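Q: Below is a structure I'd like to ask you about.
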Amino acid sequence: MTMVSRRGLMAGGLSLSAMTAVGAHAATAIESKRRLIADTRSLEVNGRAAKVFRLSDEAGRPGLTLAPGERFQVELANQTADNTIIHWHGQLPPWTQDGFPWPQTPPIAPAATRTYDYAPIPGTYWMHSHQGLQEQSLMTAPLIVRDAIELREDRQEIVLMLHDFSFRSPDALLASLTGQTPSQIRALATTSENVSASSPPQVSGENAMGMMQGMQGMGTMSKKNVMGSMGGMKMDLNDIDYDAFLANDRTLSDPEIVQVERSGRVRLRIINGASSSQFWVDLGALAGHVVAVDGHPVYPVAGRRFPLAIAQRLDILVDLPGAGAFPILARLEGTRRCTGIVLTTPGASAPRIDETGLDRMQPIDNSMETRLVARAPLAPRQPDLVHRMVLAGGMKPYSWSLNGEYWPHITPLVLQMGQRVEIEMVNNSMMAHPMHLHGHAFQVIAVNGQPIRGAKRDTVLVTPMGSVRIAFDANNPGRWPLHCHNLYHMMTGMITEVRYDSIKV
Ligand SMILES: [Cu+2]
């Protein structure tokens with residue numbers, strides 16, 4: 001228990017359970033196996049019940065929190081009626097434990113278990129299903145790996161997990177985008193994840209220039225959320241009109257209230273676990289410092305509003321100015337909609353916060369990205385391999401591609417162990433794509449052609465008609481997905497593979 005600070009014990013909600021986990025495990029459980037259960041639950045959203053998935057630990061807490069030095073020794077039990085496979089987003093395990101349904105690593109059948117054992121990297125991570133559209137049904141949870149330095153900061157840790165939520169089935173949501181029937185969607189969802197001989201998604205004019213697709217789509221967006229302008233061209237946001245946005249499973253009609261100390265010192269761990277929604281994190285009256293992105297430390301960046309793309313995480317340090325109630329909000333880009341939690345000091349009451357804010361938010365962008373500097377950058381080195389990748393697609397037909405290819409009919413990018421690899425991602429579409437590489441932490445080395453010595457991270461936003469160059473060292477042999485983390489873009493083609501030449505398939 002010695003590592004649990006008084007501030008830590010003050011934590012509420014997720015953070016309290018997380019701190020208890022440290023207390024229970026720090027001393028004794030470094031070698032013992034943790035248990036993670038995938039099952040279903042009933043979740044009430046704005047007064048209406050929905051059946052959703054759940055990922056919880058042996059004590060029923062969401063996800064997993066690992067103590068400093070604790071191995072990721074986990075037995076995952078699938079207690080759902082469906083196949084599932086869980087990806088440890090941003091972690092660097094051997095590829096056979098990464099949680100992607102390759103033919104060599106098939107999904108976990110109902111009632112089956114799978115075990116994992118690897119050395120995790122510290123920081124704010126998360127886990128989510130990589131099976132079909134399960135992520136949309138909340139098969140997602142925090143994965144927090146503490147390190148000893150953070151614990152010595154004596155800050156109250158507060159985990160804030162964001163989701164987008166619909167009472168419609170994910171199949172119906174995707175069907176409404178593509179014009180396919182739900183049964184066609186189910187067939188797509190079960191075949192597209194595995195490299196197989198299945199037919200490609202229905203796409204006309206394949207290999208079409210993404211720019212053309214994006215422009216064709218523009219004429220069909222009357223019901224959609226179109227805003228912003230780039231040289232006269234409209235940007236496209238928010239493919240799906242969600243029923244609610246969740247912060248730790250709750251909406252602002254009944255938000256989580258987290259007890260904090262007067263003038264308390266807080267570490268926010270904010271996770272965008274949404275399937276198709278991007279937010280501005282809004283600290284309101286508070287000033288914060290971003291000190292890590294996607295779990296990787298950066299030199300502090302001060303601010304009150306920070307962009308958070310799909311699948312990204314932010315660690316933000318906040319020193320409260322005294323007593324009171326302090327909303328921590330996530331505002332949906334391009335809209336006035338928001339969700340969030342409220343920090344309250346003893347005796348303070350939480351204000352009523354409208355789910356519709358006063359400000360319509362701009363699309364998120366890379367203005368913060370260019371200000372980030374990794375605390376542990378890659379060693380300077382010339383690349384052995386430079387790969388250019390064009391991101392393309394549009395709304396009609398609803399399909400998204402990488403270098404003109406649609407998953408699973410793709411050409412892998414083949415690497416050799418030890419190479420320094422750079423990938424230039426060029427977005428020829430009018431929608432932003434949060435691009436995620438499995439199994440590696442990359443450094444952002446250019447944004448829109450401007451060289452930077454940016455953050456290390458695992459997911460980076462490539463803005464409409466923009467570009468991002470990333471660099472990483474090929475040091476984790478395997479088969480690794482590289483994909484857009486917008487679930488509906490991924491499901492309609494936007495995945496490719498990075499494969500080491502040592503792997504026989
Ligand atoms: Cu995308």
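Numbering starts fresh at 1 for the residues of each chain in the structure tokens, the chains themselves are lettered A, B, ... in the order given, and ligands are numbered from 1 as they appear.
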Would you mind listing the residues within 9 Å of ligand 1, counting only C-alpha atoms and all ligand atoms, as a CSV table (one decimal) with C-alpha atoms, in the first residue's frame?
A:
```csv
chain,number,residue,atom,x,y,z
A,276,SER,CA,-16.3,7.8,-35.3
A,391,LEU,CA,-5.4,8.3,-48.2
A,392,ALA,CA,-8.5,8.5,-50.3
A,393,GLY,CA,-12.2,8.0,-50.4
A,400,TRP,CA,-12.0,4.5,-48.1
A,401,SER,CA,-8.7,3.3,-49.4
A,431,MET,CA,-12.2,14.0,-44.3
A,432,ALA,CA,-9.6,13.7,-41.6
A,433,HIS,CA,-8.2,10.3,-40.8
A,434,PRO,CA,-6.7,9.3,-37.5
A,435,MET,CA,-4.1,6.8,-38.6
A,462,VAL,CA,-4.0,13.4,-41.2
A,483,HIS,CA,-5.3,1.7,-40.5
A,484,CYS,CA,-7.7,4.6,-40.1
A,485,HIS,CA,-9.2,4.4,-36.7
A,486,ASN,CA,-12.6,5.7,-37.8
A,487,LEU,CA,-14.4,2.4,-37.5
A,488,TYR,CA,-16.5,3.0,-40.6
A,489,HIS,CA,-13.6,4.0,-42.7
A,490,MET,CA,-11.7,0.9,-41.6
A,494,MET,CA,-9.0,1.7,-45.0
```
Q: Name the residues in contact with Ile470 in chain A at a cut-off of 9 Å, using only C-alpha atoms, excluding same-chain residues fewer than 3 positions from it; report them as a list in words.
A: Val421, Glu422, Ile423, Glu424, Met425, Phe442, Gln443, Val444, Ile445, Ala446 and Val460 of chain A
Q: Generate a file of the selected residues that holds N, CA and C atoms, formatted as a compact mmCIF listing (two decimals), in the first residue's frame.
A:
```txt
# COMPACT_ATOMS: atom_id res chain seq x y z
N VAL A 421 12.27 3.50 -40.75
CA VAL A 421 11.21 3.60 -41.75
C VAL A 421 10.51 4.95 -41.61
N GLU A 422 10.28 5.57 -42.75
CA GLU A 422 9.44 6.78 -42.75
C GLU A 422 8.24 6.55 -43.66
N ILE A 423 7.08 6.95 -43.19
CA ILE A 423 5.87 6.84 -44.00
C ILE A 423 5.27 8.24 -44.12
N GLU A 424 5.13 8.65 -45.36
CA GLU A 424 4.50 9.94 -45.67
C GLU A 424 3.05 9.64 -46.02
N MET A 425 2.14 10.12 -45.16
CA MET A 425 0.72 9.88 -45.38
C MET A 425 0.10 11.14 -45.96
N PHE A 442 5.65 5.58 -33.15
CA PHE A 442 6.33 6.36 -34.19
C PHE A 442 6.49 7.79 -33.72
N GLN A 443 7.41 8.50 -34.35
CA GLN A 443 7.55 9.92 -34.08
C GLN A 443 7.00 10.71 -35.26
N VAL A 444 6.26 11.76 -34.96
CA VAL A 444 5.74 12.63 -36.01
C VAL A 444 6.88 13.58 -36.41
N ILE A 445 7.31 13.50 -37.68
CA ILE A 445 8.48 14.28 -38.09
C ILE A 445 8.16 15.37 -39.12
N ALA A 446 6.92 15.39 -39.61
CA ALA A 446 6.50 16.52 -40.45
C ALA A 446 4.98 16.56 -40.47
N VAL A 460 -2.13 9.28 -35.31
CA VAL A 460 -1.94 10.67 -35.70
C VAL A 460 -3.01 11.05 -36.71
```
Q: Between A:Gln416, A:Thr140, A:Gln97, A:Ser263, which has the minimum distance to Tyr116 in chain A (counting only C-alpha atoms)?
A: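 Between A:Gln416, A:Thr140, A:Gln97, A:Ser263, the residue approaching Tyr116 in chain A most closely is A:Gln97.
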Q: Might you pull out every residue within 12 Å of Pro351 in chain A, with only C-alpha atoms counted and same-chain residues fewer than 4 positions away left off, and present them as a ChimeraX atom specification?
A: /A:252-255,257,324-327,341-344
Q: Could you check which of A:Asn427, A:Ser502, A:Ser56, A:Thr335 is closest to Ala474 in chain A, using only C-alpha atoms?
A: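 Looking at the shortest contact to Ala474 in chain A, the residue is A:Ser502.
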Q: When you look at Val498 in chain A with a cut-off of 6 Å (counting only C-alpha atoms), what residues show up, excluding the ones that are within fewer than 5 positions of it in the same chain? I need them as a PyMOL selection string.
A: chain A and resi 412-413+480
Q: Restrict the calculation to only C-alpha atoms, then for each residue of range 385-427 of chain A with any atom at most 12 Å from an atom of range 167-183 of chain A give the closest atom pair and their distance in Å to one decimal, rows by chain and rising residue number, as a Markdown table.
A:
```
| residue | atom | partner | partner_atom | distance |
| --- | --- | --- | --- | --- |
| A:Gly394 | CA | A:Thr178 | CA | 10.8 |
| A:Met395 | CA | A:Leu177 | CA | 7.8 |
| A:Lys396 | CA | A:Thr178 | CA | 7.9 |
| A:Pro397 | CA | A:Thr178 | CA | 6.8 |
| A:Tyr398 | CA | A:Thr178 | CA | 5.2 |
| A:Ser399 | CA | A:Thr178 | CA | 7.7 |
| A:Trp400 | CA | A:Thr178 | CA | 11.2 |
```
Q: Could you jot down the CA of Arg313 in chain A to CA of Leu286 in chain A separation for me, Å, one decimal place?
A: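 Separation of CA of Arg313 in chain A and CA of Leu286 in chain A: 18.9 Å.
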Q: One decimal, in Å: what's the spacing between CA of Ser277 in chain A and CA of Gly439 in chain A?
A: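 The value is 23.6 Å.
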Q: From the DSSP assignment of the backbone, select every residue of range 389-468 of chain A that is strand (DSSP E), and format the answer as number ranges by chain.
A: A: 389-395, 398-402, 413-415, 420-427, 433-437, 442-447, 450-451, 456-457, 459-462, 467-468
Q: Provide the CA of Gly288 in chain A to CA of Val318 in chain A distance in Å, to one decimal place.
A: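 Answer for the CA of Gly288 in chain A to CA of Val318 in chain A separation: 4.7 Å.
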Q: As a ChimeraX atom specification, please: all residues of range 339-497 of chain A that backbone DSSP puts in alpha helix (DSSP H).
A: /A:487-491
Q: Considering only C-alpha atoms, can you say which of A:Thr40, A:Thr459, A:Gln419, A:Asn428 comes closest to Phe472 in chain A?
A: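 Looking at the shortest contact to Phe472 in chain A, the residue is A:Gln419.
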Q: Go through A:Ile410, A:Gly466, A:Val290, A:Trp126 and flag the residue nearest Asp365 in chain A, using only C-alpha atoms for the distances.
A: A:Gly466
Q: Quick one: everything within 8 Å of Thr80 in chain A, counting only C-alpha atoms, minus sequence neighbours fewer than 4 positions away in the same chain. Send it as number ranges by chain.
A: A: 38-40, 110-111
Q: Got a sec: who's within 8 Å of Ile121 in chain A, counting only C-alpha atoms, leaving out chain neighbours fewer than 3 positions off, as a list in words?
A: Gln91, Leu92 and Val145 of chain A
Q: Skip range 305-311 of chain A itself and residues of its chain fewer than 5 positions away, then list as a list in words all residues within 6 Å of it, counting only C-alpha atoms.
A: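 That gives Asn272, Gly273, Gln278, Phe279, Trp280, Val281, Asp282 and Ile364 of chain A.
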Q: Deliver the residues from the most recent selection as a file, using C-alpha atoms, as an mmCIF file, in the first residue's frame.
A:
```cif
data_model
loop_
_atom_site.group_PDB
_atom_site.id
_atom_site.type_symbol
_atom_site.label_atom_id
_atom_site.label_comp_id
_atom_site.auth_asym_id
_atom_site.auth_seq_id
_atom_site.Cartn_x
_atom_site.Cartn_y
_atom_site.Cartn_z
ATOM 1 C CA ASN A 272 -11.001 8.974 -27.047
ATOM 2 C CA GLY A 273 -12.612 5.545 -27.334
ATOM 3 C CA GLN A 278 -13.419 13.583 -32.516
ATOM 4 C CA PHE A 279 -13.440 16.100 -29.724
ATOM 5 C CA TRP A 280 -11.937 19.210 -28.265
ATOM 6 C CA VAL A 281 -11.086 18.611 -24.628
ATOM 7 C CA ASP A 282 -12.233 21.729 -22.799
ATOM 8 C CA ILE A 364 -9.982 19.436 -34.818
#
```
